file entry37.cif (mmCIF, C-alpha atoms and all ligand atoms)
data_final
loop_
_atom_site.label_atom_id
_atom_site.label_comp_id
_atom_site.auth_asym_id
_atom_site.auth_seq_id
_atom_site.Cartn_x
_atom_site.Cartn_y
_atom_site.Cartn_z
CA MET A 944 -14.89 -13.58 19.73
CA SER A 945 -11.48 -13.63 21.36
CA GLU A 946 -10.45 -10.71 23.55
CA SER A 947 -7.12 -10.39 21.77
CA THR A 948 -8.62 -9.83 18.33
CA ALA A 949 -11.85 -8.08 19.25
CA HIS A 950 -10.65 -4.52 18.71
CA ARG A 951 -7.50 -4.64 16.63
CA PRO A 952 -6.97 -2.86 13.34
CA VAL A 953 -7.04 -5.26 10.41
CA ALA A 954 -4.60 -5.76 7.56
CA VAL A 955 -5.71 -7.78 4.54
CA VAL A 956 -3.00 -9.59 2.58
CA ARG A 957 -2.93 -11.94 -0.38
CA ASN A 958 -0.52 -14.83 -0.68
CA VAL A 959 2.12 -15.10 -3.43
CA PRO A 960 1.05 -17.20 -6.46
CA ASP A 961 3.47 -19.47 -8.36
CA SER A 962 2.82 -17.15 -11.31
CA PHE A 963 4.48 -14.27 -9.39
CA ALA A 964 7.48 -14.59 -11.73
CA SER A 965 5.24 -13.28 -14.53
CA CYS A 966 4.06 -10.16 -12.78
CA VAL A 967 4.18 -6.72 -14.36
CA THR A 968 7.58 -5.03 -14.11
CA ALA A 969 8.92 -1.86 -15.71
CA ARG A 970 12.06 -3.75 -16.76
CA PRO A 971 12.56 -7.50 -17.10
CA ALA A 972 13.59 -9.00 -13.77
CA ILE A 973 17.03 -10.65 -14.11
CA PRO A 974 17.35 -13.26 -12.71
CA PRO A 975 13.65 -14.14 -12.88
CA LEU A 976 11.50 -13.39 -9.84
CA ASP A 977 11.48 -16.23 -7.32
CA PRO A 978 8.04 -17.07 -5.87
CA LEU A 979 9.59 -19.24 -3.14
CA LEU A 980 11.79 -16.43 -1.84
CA ALA A 981 8.85 -14.03 -2.17
CA ARG A 982 6.75 -16.39 -0.01
CA VAL A 983 9.40 -16.45 2.71
CA GLN A 984 9.62 -12.66 2.66
CA HIS A 985 5.83 -12.34 2.63
CA ALA A 986 5.64 -14.51 5.74
CA GLY A 987 8.11 -12.16 7.42
CA TYR A 988 6.01 -9.17 6.38
CA VAL A 989 2.84 -10.73 7.80
CA SER A 990 4.66 -11.50 11.07
CA MET A 991 5.69 -7.85 11.35
CA LEU A 992 2.13 -6.67 10.73
CA GLU A 993 0.94 -8.96 13.52
CA GLU A 994 3.74 -8.02 15.92
CA GLY A 995 2.93 -4.37 15.24
CA GLY A 996 -0.71 -4.82 16.23
CA PHE A 997 -2.69 -5.76 13.12
CA SER A 998 -5.00 -8.75 12.90
CA VAL A 999 -4.25 -10.23 9.50
CA ILE A 1000 -6.85 -11.59 7.10
CA ARG A 1001 -5.65 -13.54 4.06
CA VAL A 1002 -7.31 -13.58 0.68
CA SER A 1003 -6.71 -16.77 -1.34
CA THR A 1004 -4.09 -16.32 -4.00
CA ALA A 1005 -5.01 -16.40 -7.70
CA GLU A 1006 -2.63 -18.01 -10.18
CA GLU A 1007 -4.26 -16.13 -13.05
CA HIS A 1008 -3.21 -12.86 -11.39
CA PRO A 1009 0.58 -12.79 -10.94
CA ASP A 1010 0.45 -9.37 -9.23
CA CYS A 1011 -2.30 -10.22 -6.76
CA VAL A 1012 0.09 -10.10 -3.78
CA PHE A 1013 0.16 -6.31 -4.33
CA ILE A 1014 -3.32 -6.14 -2.84
CA GLU A 1015 -3.18 -2.46 -1.86
CA ASP A 1016 -3.92 -1.50 -5.47
CA THR A 1017 -7.35 -3.14 -5.38
CA ALA A 1018 -9.11 -1.22 -2.62
CA VAL A 1019 -9.18 2.14 -0.87
CA VAL A 1020 -10.52 2.04 2.69
CA LEU A 1021 -11.85 5.17 4.34
CA GLY A 1022 -13.29 4.63 7.81
CA ARG A 1023 -15.85 1.85 7.51
CA ARG A 1024 -16.21 2.04 3.73
CA ALA A 1025 -14.15 0.51 0.94
CA LEU A 1026 -13.91 1.45 -2.73
CA LEU A 1027 -12.92 -1.47 -4.92
CA THR A 1028 -10.73 0.07 -7.59
CA SER A 1029 -10.34 -0.52 -11.28
CA PRO A 1030 -6.56 -1.03 -11.43
CA GLY A 1031 -4.72 0.85 -14.14
CA HIS A 1032 -2.99 -2.15 -15.69
CA PRO A 1033 -5.45 -4.29 -17.65
CA THR A 1034 -3.99 -7.59 -16.42
CA ARG A 1035 -4.82 -6.60 -12.85
CA ARG A 1036 -8.52 -5.76 -13.18
CA GLY A 1037 -9.71 -9.23 -12.18
CA GLU A 1038 -7.99 -9.02 -8.79
CA THR A 1039 -10.68 -6.99 -7.07
CA ALA A 1040 -13.60 -9.43 -6.75
CA ALA A 1041 -11.95 -11.70 -4.18
CA VAL A 1042 -10.77 -8.70 -2.20
CA GLY A 1043 -14.30 -7.30 -2.18
CA ALA A 1044 -15.61 -10.61 -0.86
CA ALA A 1045 -13.05 -10.53 1.97
CA LEU A 1046 -13.86 -6.94 2.90
CA ALA A 1047 -17.66 -7.23 2.68
CA PRO A 1048 -18.15 -8.73 6.20
CA LEU A 1049 -16.15 -5.84 7.67
CA LEU A 1050 -16.98 -2.78 5.60
CA GLU A 1051 -19.53 -1.21 3.31
CA VAL A 1052 -18.03 -2.01 -0.10
CA GLU A 1053 -18.66 -0.23 -3.39
CA SER A 1054 -17.02 -0.49 -6.83
CA MET A 1055 -15.72 2.14 -9.22
CA ARG A 1056 -17.80 2.58 -12.33
CA GLU A 1057 -15.46 4.78 -14.36
CA GLY A 1058 -11.78 5.60 -14.56
CA THR A 1059 -8.80 3.74 -13.13
CA ILE A 1060 -7.09 3.88 -9.75
CA ASP A 1061 -4.29 1.88 -8.20
CA GLY A 1062 -4.49 2.03 -4.42
CA GLY A 1063 -0.74 2.66 -4.43
CA ASP A 1064 -1.57 6.17 -5.63
CA VAL A 1065 -3.78 6.94 -2.63
CA LEU A 1066 -2.08 8.45 0.40
CA GLN A 1067 -4.18 9.24 3.47
CA ALA A 1068 -2.32 11.78 5.59
CA GLY A 1069 -3.11 14.80 7.70
CA GLY A 1070 -6.86 14.19 7.54
CA ARG A 1071 -6.86 14.44 3.73
CA VAL A 1072 -6.41 12.11 0.79
CA PHE A 1073 -3.62 12.79 -1.68
CA VAL A 1074 -4.06 10.92 -4.96
CA GLY A 1075 -1.39 10.50 -7.60
CA LEU A 1076 -2.18 11.10 -11.25
CA SER A 1077 0.09 8.44 -12.64
CA ARG A 1078 0.48 5.79 -15.33
CA ARG A 1079 -2.15 3.82 -13.39
CA THR A 1080 -4.56 6.43 -12.01
CA ASP A 1081 -6.43 8.70 -14.44
CA PRO A 1082 -8.54 11.88 -13.98
CA ALA A 1083 -11.82 9.92 -14.11
CA GLY A 1084 -10.49 7.71 -11.34
CA VAL A 1085 -9.58 10.75 -9.29
CA ALA A 1086 -13.13 12.07 -9.79
CA ALA A 1087 -14.56 8.74 -8.61
CA LEU A 1088 -12.30 8.78 -5.56
CA THR A 1089 -13.30 12.38 -4.81
CA ARG A 1090 -16.98 11.38 -4.77
CA PHE A 1091 -16.23 8.35 -2.61
CA CYS A 1092 -14.22 10.32 -0.05
CA ALA A 1093 -16.52 13.37 0.29
CA PRO A 1094 -16.55 15.31 2.60
CA VAL A 1095 -12.90 14.36 3.16
CA GLU A 1096 -10.76 16.52 0.86
CA VAL A 1097 -9.01 14.77 -2.04
CA ILE A 1098 -5.91 16.49 -3.44
CA PRO A 1099 -4.65 15.39 -6.89
CA VAL A 1100 -0.87 15.21 -7.18
CA ARG A 1101 1.03 14.83 -10.46
CA VAL A 1102 3.32 11.78 -10.13
CA ARG A 1103 6.73 12.42 -11.67
CA ASP A 1104 8.90 9.36 -12.28
CA THR A 1105 7.57 6.64 -9.99
CA LEU A 1106 5.01 3.93 -10.67
CA HIS A 1107 2.72 5.16 -7.90
CA LEU A 1108 2.60 8.19 -5.62
CA LYS A 1109 3.40 5.97 -2.64
CA SER A 1110 6.38 4.51 -4.50
CA GLY A 1111 8.08 7.65 -3.24
CA VAL A 1112 5.87 9.18 -0.49
CA SER A 1113 4.37 7.63 2.63
CA ALA A 1114 3.15 8.71 6.04
CA VAL A 1115 5.43 8.16 8.99
CA ASP A 1116 2.99 9.68 11.48
CA ALA A 1117 -0.18 11.80 11.47
CA GLU A 1118 1.60 14.99 10.37
CA THR A 1119 4.74 13.78 8.62
CA VAL A 1120 5.50 12.14 5.27
CA LEU A 1121 8.72 10.70 3.92
CA TRP A 1122 9.23 11.99 0.39
CA HIS A 1123 11.60 11.30 -2.49
CA PRO A 1124 11.84 14.00 -5.18
CA ALA A 1125 11.20 11.43 -7.95
CA ALA A 1126 7.63 11.00 -6.74
CA CYS A 1127 6.11 14.49 -6.94
CA ASP A 1128 6.65 18.18 -6.21
CA ARG A 1129 7.28 18.78 -2.54
CA ASP A 1130 4.80 21.68 -2.60
CA ASP A 1131 2.01 19.32 -3.66
CA LEU A 1132 2.08 17.79 -0.18
CA GLU A 1133 0.65 20.96 1.31
CA GLY A 1134 -0.06 20.97 5.00
CA MET A 1135 2.27 18.05 5.71
CA SER A 1136 5.67 18.09 7.34
CA VAL A 1137 7.81 16.71 4.51
CA VAL A 1138 11.05 14.84 5.25
CA GLU A 1139 13.23 14.17 2.22
CA VAL A 1140 14.72 10.73 1.74
CA ALA A 1141 18.07 10.75 -0.02
CA GLY A 1142 19.47 8.26 -2.52
CA ASP A 1143 18.61 6.92 -5.95
CA ASP A 1144 15.68 4.69 -5.04
CA PRO A 1145 12.35 6.43 -4.36
CA GLU A 1146 11.01 3.30 -2.65
CA ALA A 1147 13.24 4.26 0.29
CA ALA A 1148 10.36 6.60 1.22
CA ASN A 1149 7.81 3.76 1.36
CA VAL A 1150 7.10 2.68 4.95
CA VAL A 1151 4.09 1.31 6.86
CA ARG A 1152 2.86 2.76 10.15
CA LEU A 1153 1.94 -0.01 12.56
CA PRO A 1154 -0.80 0.24 15.19
CA ASP A 1155 1.67 0.01 18.10
CA GLY A 1156 3.31 3.24 16.91
CA SER A 1157 6.34 1.61 15.30
CA VAL A 1158 7.19 2.03 11.63
CA LEU A 1159 7.96 -0.85 9.27
CA VAL A 1160 10.93 -0.18 6.97
CA ALA A 1161 12.35 -2.39 4.21
CA ALA A 1162 15.60 -4.00 5.39
CA HIS A 1163 17.41 -2.90 2.23
CA PHE A 1164 16.96 0.76 3.22
CA PRO A 1165 19.03 1.13 6.44
CA ALA A 1166 19.32 4.90 5.92
CA THR A 1167 15.52 5.17 6.04
CA ALA A 1168 15.49 3.19 9.28
CA GLU A 1169 18.01 5.64 10.77
CA LEU A 1170 15.98 8.59 9.53
CA VAL A 1171 12.74 7.27 11.03
CA VAL A 1172 14.49 6.65 14.36
CA SER A 1173 15.82 10.23 14.25
CA LEU A 1174 12.19 11.37 13.90
CA GLY A 1175 11.43 9.68 17.21
CA HIS A 1176 9.84 6.44 16.04
CA ARG A 1177 10.60 2.82 16.82
CA VAL A 1178 11.50 0.87 13.70
CA ARG A 1179 10.83 -2.70 12.63
CA THR A 1180 12.52 -4.02 9.50
CA VAL A 1181 11.67 -6.78 7.09
CA GLY A 1182 13.33 -8.17 3.96
CA VAL A 1183 11.17 -7.53 0.89
CA SER A 1184 13.80 -7.41 -1.84
CA GLU A 1185 11.92 -9.81 -4.14
CA PHE A 1186 8.90 -7.53 -4.13
CA ALA A 1187 11.11 -4.50 -4.80
CA ARG A 1188 12.37 -6.30 -7.93
CA ALA A 1189 8.70 -6.57 -8.94
CA ASP A 1190 8.17 -2.78 -8.53
CA GLY A 1191 6.37 -3.20 -5.21
CA GLY A 1192 6.98 -1.63 -1.81
CA LEU A 1193 5.87 -2.32 1.74
CA THR A 1194 2.55 -0.53 1.45
CA CYS A 1195 1.63 -2.49 -1.70
CA LEU A 1196 1.46 -5.76 0.25
CA SER A 1197 -1.58 -5.02 2.42
CA VAL A 1198 -4.85 -3.14 2.67
CA ARG A 1199 -4.96 -1.63 6.13
CA LEU A 1200 -8.17 -0.95 8.05
CA ARG A 1201 -7.10 1.39 10.80
CA SER A 1202 -10.40 2.16 12.47
CA VAL A 1203 -11.48 -0.14 15.26
CA ILE A 1204 -13.35 -3.06 13.79
CA ALA A 1205 -14.71 -6.05 15.61
CA VAL A 1206 -13.17 -9.18 14.15
CA SER A 1207 -14.04 -12.70 15.14
CA SER A 1208 -11.19 -15.04 15.86
CA ALA A 1209 -12.41 -17.18 12.95
CA SER A 1210 -11.87 -14.39 10.37
N1 LIG A 1301 4.20 -5.30 -10.21
C1 LIG A 1301 3.36 -4.36 -9.63
C2 LIG A 1301 2.60 -3.59 -10.61
O1 LIG A 1301 3.15 -3.27 -11.65
O2 LIG A 1301 1.47 -3.24 -10.42
#
call {"tool": "encode", "arguments": {"input": "entry37.cif", "output": "C-alpha cells"}}
result
Amino acid sequence: MSESTAHRPVAVVRNVPDSFASCVTARPAIPPLDPLLARVQHAGYVSMLEEGGFSVIRVSTAEEHPDCVFIEDTAVVLGRRALLTSPGHPTRRGETAAVGAALAPLLEVESMREGTIDGGDVLQAGGRVFVGLSRRTDPAGVAALTRFCAPVEVIPVRVRDTLHLKSGVSAVDAETVLWHPAACDRDDLEGMSVVEVAGDDPEAANVVRLPDGSVLVAAHFPATAELVVSLGHRVRTVGVSEFARADGGLTCLSVRLRSVIAVSSAS
C-alpha cells in the first residue's frame, strides 16, 4: 500500500461510453451530445477530484448504458455502507451491478428491494440526509433509504422543477447549502444555512466539496464561483458543459466516499 493513497477519501467514477449521445435528456440535445468532448471534460473532472484530495477508482464503461457516466445515481454511501439504488428511469436500472462490484472491496454493500431512488436526490448535509421526492425517487424508495440510514435522520423534500434535488441544492460546507428556488422550498432545508443562487439555471447550485477544503464549481457558472469565494472557500473550476446538456451536474459524475478508507495503490 502506498503512503500517498493509504488514507485518502475515494471517489468512484465511470468513463463516458460512445453511446453517451443517446442518454436520457428532458429535451433533445441540439446539436447531438459529443462523447469525445465529454471524455475530455470528464478527464478534467477526474483531475480536479485528484488535485482536491480524492483517490479515484474507475468503473468500466458500459455501452448499453448511455447514462452510466452519471454514476452518483446508482449508489448512496453512508459511512462504510453503500445502498445500491434502483434508478428511477427504467433504462438506467442495469447500471448498478458494476458499481456494486467496485464498491464491494471497500464497503458493506446492500441493494434496494422496493421503490426507486436516484442518488442525485440524496443530499447529506448537517448530519442528516435530505432526500428529494422527484420524477426519479418515489415514496417507497424514500422508505428504503430511511431504513438504510437509521439512526441518521432522513428528511423527505418535495422537488419542484428540477430533475433531482441536487440539480438545485448542494452542500458547500458542513453547515451551508447552495440553493436555487427551482429545486425545493427553502424551509424544507431546515437546520441548514441556505445561500440562494441567482439566475435561470438551477444547476448553478450544484458544486462538489473536495477533501482539501476547496469547492469544485462548473466553469460555466462564474457567479457561483464568486459566491463560494465570498463564503470563504477556495474554488476550483472545471468545464462540464457537455454533461450539463445531458441534464447532469458535477455531483452526478462521482460517488464520493468521504470517510477514511484504506485503499491499495492497485485499486
Ligand atoms: N441524463 C441523466 C439522467 O437523465 O439521468
call {"tool": "closest_residue", "arguments": {"input": "entry37.cif", "among": "A:Thr1105, A:Asn958, A:Ser990, A:Thr1180", "to": "ligand LIG 1301 (chain A)", "atoms": "all atoms listed in the file"}}
result
A:Thr1105
call {"tool": "residues_near_point", "arguments": {"input": "entry37.cif", "point": "(-12.7, -14.0, -1.2)", "cutoff": "12 Å", "atoms": "all atoms listed in the file", "output": "JSON, numbers by chain"}}
result
{"A": [955, 956, 957, 1000, 1001, 1002, 1003, 1004, 1005, 1038, 1039, 1040, 1041, 1042, 1043, 1044, 1045, 1046, 1047, 1048, 1210]}
call {"tool": "closest_atom_pairs", "arguments": {"input": "entry37.cif", "of": "chain A", "to": "ligand LIG 1301 (chain A)", "cutoff": "6 Å", "atoms": "all atoms listed in the file", "output": "tab-separated table"}}
result
residue	atom	partner	partner_atom	distance
A:Cys966	CA	A:LIG1301	N1	5.5
A:Val967	CA	A:LIG1301	N1	4.4
A:Thr968	CA	A:LIG1301	N1	5.2
A:Asp1010	CA	A:LIG1301	N1	5.6
A:Ala1189	CA	A:LIG1301	N1	4.8
A:Asp1190	CA	A:LIG1301	N1	5.0
A:Gly1191	CA	A:LIG1301	C1	5.5
call {"tool": "atom_distance", "arguments": {"input": "entry37.cif", "atom1": "CA of Val989 (chain A)", "atom2": "CA of Ala1114 (chain A)"}}
result
19.5 Å
call {"tool": "closest_residue", "arguments": {"input": "entry37.cif", "among": "A:Val959, A:His1123, A:Val1065, A:Asp1131", "to": "Val983 (chain A)", "atoms": "all atoms listed in the file"}}
result
A:Val959
call {"tool": "closest_residue", "arguments": {"input": "entry37.cif", "among": "A:Cys1011, A:Val1158, A:Val1112, A:Ala1087", "to": "Val1137 (chain A)", "atoms": "all atoms listed in the file"}}
result
A:Val1112
call {"tool": "residues_around", "arguments": {"input": "entry37.cif", "residues": "Gly1031 (chain A)", "least_positions_apart": "6", "cutoff": "12 Å", "atoms": "all atoms listed in the file", "output": "list in words"}}
result
Val967, Asp1016, Thr1017, Gly1037, Glu1038, Glu1057, Gly1058, Thr1059, Ile1060, Asp1061, Gly1062, Gly1063, Asp1064, Leu1076, Ser1077, Arg1078, Arg1079, Thr1080, Asp1081, Pro1082, Ala1083, Gly1084, Leu1106 and His1107 of chain A
call {"tool": "write_last_selection", "arguments": {"input": "entry37.cif", "atoms": "C-alpha atoms", "output": "mmCIF file, keeping the file's coordinate frame"}}
result
data_model
loop_
_atom_site.group_PDB
_atom_site.id
_atom_site.type_symbol
_atom_site.label_atom_id
_atom_site.label_comp_id
_atom_site.auth_asym_id
_atom_site.auth_seq_id
_atom_site.Cartn_x
_atom_site.Cartn_y
_atom_site.Cartn_z
ATOM 1 C CA VAL A 967 4.180 -6.720 -14.360
ATOM 2 C CA ASP A 1016 -3.920 -1.500 -5.470
ATOM 3 C CA THR A 1017 -7.350 -3.140 -5.380
ATOM 4 C CA GLY A 1037 -9.710 -9.230 -12.180
ATOM 5 C CA GLU A 1038 -7.990 -9.020 -8.790
ATOM 6 C CA GLU A 1057 -15.460 4.780 -14.360
ATOM 7 C CA GLY A 1058 -11.780 5.600 -14.560
ATOM 8 C CA THR A 1059 -8.800 3.740 -13.130
ATOM 9 C CA ILE A 1060 -7.090 3.880 -9.750
ATOM 10 C CA ASP A 1061 -4.290 1.880 -8.200
ATOM 11 C CA GLY A 1062 -4.490 2.030 -4.420
ATOM 12 C CA GLY A 1063 -0.740 2.660 -4.430
ATOM 13 C CA ASP A 1064 -1.570 6.170 -5.630
ATOM 14 C CA LEU A 1076 -2.180 11.100 -11.250
ATOM 15 C CA SER A 1077 0.090 8.440 -12.640
ATOM 16 C CA ARG A 1078 0.480 5.790 -15.330
ATOM 17 C CA ARG A 1079 -2.150 3.820 -13.390
ATOM 18 C CA THR A 1080 -4.560 6.430 -12.010
ATOM 19 C CA ASP A 1081 -6.430 8.700 -14.440
ATOM 20 C CA PRO A 1082 -8.540 11.880 -13.980
ATOM 21 C CA ALA A 1083 -11.820 9.920 -14.110
ATOM 22 C CA GLY A 1084 -10.490 7.710 -11.340
ATOM 23 C CA LEU A 1106 5.010 3.930 -10.670
ATOM 24 C CA HIS A 1107 2.720 5.160 -7.900
#
call {"tool": "residues_around", "arguments": {"input": "entry37.cif", "residues": "His1176 (chain A)", "least_positions_apart": "6", "cutoff": "9 Å", "atoms": "only C-alpha atoms", "output": "list in words"}}
result
Val1115, Asp1116, Gly1156, Ser1157 and Val1158 of chain A
call {"tool": "atom_distance", "arguments": {"input": "entry37.cif", "atom1": "CA of Glu1133 (chain A)", "atom2": "CA of Ala969 (chain A)"}}
result
29.6 Å
call {"tool": "atom_distance", "arguments": {"input": "entry37.cif", "atom1": "CA of Val999 (chain A)", "atom2": "CA of Val1183 (chain A)"}}
result
17.9 Å
call {"tool": "closest_residue", "arguments": {"input": "entry37.cif", "among": "A:Val1052, A:Val1181, A:Cys1195, A:Val1100", "to": "Phe1073 (chain A)", "atoms": "all atoms listed in the file"}}
result
A:Val1100
call {"tool": "closest_residue", "arguments": {"input": "entry37.cif", "among": "A:Ile973, A:Leu1088, A:Val1198, A:Ala1166", "to": "Ser1054 (chain A)", "atoms": "only C-alpha atoms"}}
result
A:Leu1088
call {"tool": "closest_residue", "arguments": {"input": "entry37.cif", "among": "A:Pro1124, A:Pro1094, A:Gly1134, A:Pro974", "to": "Ala1148 (chain A)", "atoms": "only C-alpha atoms"}}
result
A:Pro1124
call {"tool": "residues_around", "arguments": {"input": "entry37.cif", "residues": "Phe997 (chain A)", "least_positions_apart": "6", "cutoff": "9 Å", "atoms": "only C-alpha atoms", "output": "PyMOL selection string"}}
result
chain A and resi 948+951-954+991+1153-1155+1199-1201
call {"tool": "decode", "arguments": {"input": "entry37.cif", "residues": "region 963-993 of chain A", "atoms": "N, CA and C atoms", "output": "PDB file, in the first residue's frame"}}
result
ATOM      1  N   PHE A 963     -23.019   7.702 -25.229  1.00  0.00           N
ATOM      2  CA  PHE A 963     -23.415   8.871 -24.425  1.00  0.00           C
ATOM      3  C   PHE A 963     -24.400   9.777 -25.178  1.00  0.00           C
ATOM      4  N   ALA A 964     -24.239   9.860 -26.501  1.00  0.00           N
ATOM      5  CA  ALA A 964     -25.122  10.729 -27.292  1.00  0.00           C
ATOM      6  C   ALA A 964     -26.580  10.311 -27.202  1.00  0.00           C
ATOM      7  N   SER A 965     -26.826   9.077 -26.742  1.00  0.00           N
ATOM      8  CA  SER A 965     -28.210   8.583 -26.635  1.00  0.00           C
ATOM      9  C   SER A 965     -28.744   8.656 -25.213  1.00  0.00           C
ATOM     10  N   CYS A 966     -28.077   9.365 -24.333  1.00  0.00           N
ATOM     11  CA  CYS A 966     -28.527   9.320 -22.946  1.00  0.00           C
ATOM     12  C   CYS A 966     -29.840  10.080 -22.766  1.00  0.00           C
ATOM     13  N   VAL A 967     -30.449   9.875 -21.609  1.00  0.00           N
ATOM     14  CA  VAL A 967     -31.766  10.443 -21.324  1.00  0.00           C
ATOM     15  C   VAL A 967     -31.634  11.949 -21.132  1.00  0.00           C
ATOM     16  N   THR A 968     -32.429  12.721 -21.874  1.00  0.00           N
ATOM     17  CA  THR A 968     -32.445  14.173 -21.678  1.00  0.00           C
ATOM     18  C   THR A 968     -33.899  14.657 -21.683  1.00  0.00           C
ATOM     19  N   ALA A 969     -34.153  15.709 -20.926  1.00  0.00           N
ATOM     20  CA  ALA A 969     -35.521  16.241 -20.852  1.00  0.00           C
ATOM     21  C   ALA A 969     -35.957  16.778 -22.199  1.00  0.00           C
ATOM     22  N   ARG A 970     -35.020  17.388 -22.914  1.00  0.00           N
ATOM     23  CA  ARG A 970     -35.279  17.901 -24.268  1.00  0.00           C
ATOM     24  C   ARG A 970     -34.182  17.377 -25.181  1.00  0.00           C
ATOM     25  N   PRO A 971     -34.507  17.171 -26.470  1.00  0.00           N
ATOM     26  CA  PRO A 971     -33.457  16.680 -27.372  1.00  0.00           C
ATOM     27  C   PRO A 971     -32.246  17.609 -27.369  1.00  0.00           C
ATOM     28  N   ALA A 972     -31.061  17.027 -27.292  1.00  0.00           N
ATOM     29  CA  ALA A 972     -29.836  17.832 -27.312  1.00  0.00           C
ATOM     30  C   ALA A 972     -29.530  18.226 -28.754  1.00  0.00           C
ATOM     31  N   ILE A 973     -29.439  19.529 -29.013  1.00  0.00           N
ATOM     32  CA  ILE A 973     -29.132  20.042 -30.357  1.00  0.00           C
ATOM     33  C   ILE A 973     -27.980  21.036 -30.231  1.00  0.00           C
ATOM     34  N   PRO A 974     -26.854  20.799 -30.912  1.00  0.00           N
ATOM     35  CA  PRO A 974     -26.509  19.607 -31.691  1.00  0.00           C
ATOM     36  C   PRO A 974     -26.387  18.381 -30.784  1.00  0.00           C
ATOM     37  N   PRO A 975     -26.303  17.190 -31.394  1.00  0.00           N
ATOM     38  CA  PRO A 975     -26.224  15.975 -30.578  1.00  0.00           C
ATOM     39  C   PRO A 975     -25.052  16.016 -29.595  1.00  0.00           C
ATOM     40  N   LEU A 976     -25.235  15.321 -28.484  1.00  0.00           N
ATOM     41  CA  LEU A 976     -24.157  15.224 -27.486  1.00  0.00           C
ATOM     42  C   LEU A 976     -22.912  14.609 -28.106  1.00  0.00           C
ATOM     43  N   ASP A 977     -21.759  15.086 -27.668  1.00  0.00           N
ATOM     44  CA  ASP A 977     -20.478  14.687 -28.263  1.00  0.00           C
ATOM     45  C   ASP A 977     -19.675  13.864 -27.244  1.00  0.00           C
ATOM     46  N   PRO A 978     -19.602  12.544 -27.424  1.00  0.00           N
ATOM     47  CA  PRO A 978     -18.871  11.726 -26.449  1.00  0.00           C
ATOM     48  C   PRO A 978     -17.390  12.086 -26.363  1.00  0.00           C
ATOM     49  N   LEU A 979     -16.805  12.555 -27.462  1.00  0.00           N
ATOM     50  CA  LEU A 979     -15.369  12.886 -27.421  1.00  0.00           C
ATOM     51  C   LEU A 979     -15.127  14.105 -26.536  1.00  0.00           C
ATOM     52  N   LEU A 980     -15.948  15.140 -26.720  1.00  0.00           N
ATOM     53  CA  LEU A 980     -15.827  16.317 -25.850  1.00  0.00           C
ATOM     54  C   LEU A 980     -16.131  15.936 -24.403  1.00  0.00           C
ATOM     55  N   ALA A 981     -17.147  15.097 -24.221  1.00  0.00           N
ATOM     56  CA  ALA A 981     -17.493  14.675 -22.850  1.00  0.00           C
ATOM     57  C   ALA A 981     -16.309  13.961 -22.203  1.00  0.00           C
ATOM     58  N   ARG A 982     -15.575  13.153 -22.989  1.00  0.00           N
ATOM     59  CA  ARG A 982     -14.415  12.436 -22.425  1.00  0.00           C
ATOM     60  C   ARG A 982     -13.321  13.413 -21.994  1.00  0.00           C
ATOM     61  N   VAL A 983     -13.099  14.429 -22.795  1.00  0.00           N
ATOM     62  CA  VAL A 983     -12.087  15.433 -22.435  1.00  0.00           C
ATOM     63  C   VAL A 983     -12.503  16.131 -21.138  1.00  0.00           C
ATOM     64  N   GLN A 984     -13.775  16.500 -21.063  1.00  0.00           N
ATOM     65  CA  GLN A 984     -14.247  17.193 -19.859  1.00  0.00           C
ATOM     66  C   GLN A 984     -14.230  16.257 -18.647  1.00  0.00           C
ATOM     67  N   HIS A 985     -14.532  14.988 -18.872  1.00  0.00           N
ATOM     68  CA  HIS A 985     -14.516  14.019 -17.773  1.00  0.00           C
ATOM     69  C   HIS A 985     -13.093  13.865 -17.233  1.00  0.00           C
ATOM     70  N   ALA A 986     -12.125  13.863 -18.140  1.00  0.00           N
ATOM     71  CA  ALA A 986     -10.723  13.775 -17.697  1.00  0.00           C
ATOM     72  C   ALA A 986     -10.367  14.976 -16.832  1.00  0.00           C
ATOM     73  N   GLY A 987     -10.848  16.148 -17.210  1.00  0.00           N
ATOM     74  CA  GLY A 987     -10.605  17.349 -16.400  1.00  0.00           C
ATOM     75  C   GLY A 987     -11.258  17.235 -15.038  1.00  0.00           C
ATOM     76  N   TYR A 988     -12.445  16.679 -15.021  1.00  0.00           N
ATOM     77  CA  TYR A 988     -13.176  16.492 -13.746  1.00  0.00           C
ATOM     78  C   TYR A 988     -12.397  15.541 -12.830  1.00  0.00           C
ATOM     79  N   VAL A 989     -11.936  14.432 -13.398  1.00  0.00           N
ATOM     80  CA  VAL A 989     -11.185  13.460 -12.590  1.00  0.00           C
ATOM     81  C   VAL A 989      -9.898  14.109 -12.047  1.00  0.00           C
ATOM     82  N   SER A 990      -9.234  14.900 -12.889  1.00  0.00           N
ATOM     83  CA  SER A 990      -8.013  15.588 -12.425  1.00  0.00           C
ATOM     84  C   SER A 990      -8.310  16.485 -11.240  1.00  0.00           C
ATOM     85  N   MET A 991      -9.446  17.178 -11.295  1.00  0.00           N
ATOM     86  CA  MET A 991      -9.799  18.078 -10.187  1.00  0.00           C
ATOM     87  C   MET A 991     -10.114  17.292  -8.915  1.00  0.00           C
ATOM     88  N   LEU A 992     -10.783  16.151  -9.065  1.00  0.00           N
ATOM     89  CA  LEU A 992     -11.037  15.311  -7.883  1.00  0.00           C
ATOM     90  C   LEU A 992      -9.712  14.905  -7.248  1.00  0.00           C
ATOM     91  N   GLU A 993      -8.760  14.517  -8.091  1.00  0.00           N
ATOM     92  CA  GLU A 993      -7.463  14.057  -7.563  1.00  0.00           C
ATOM     93  C   GLU A 993      -6.690  15.218  -6.948  1.00  0.00           C
TER      94      GLU A 993
END
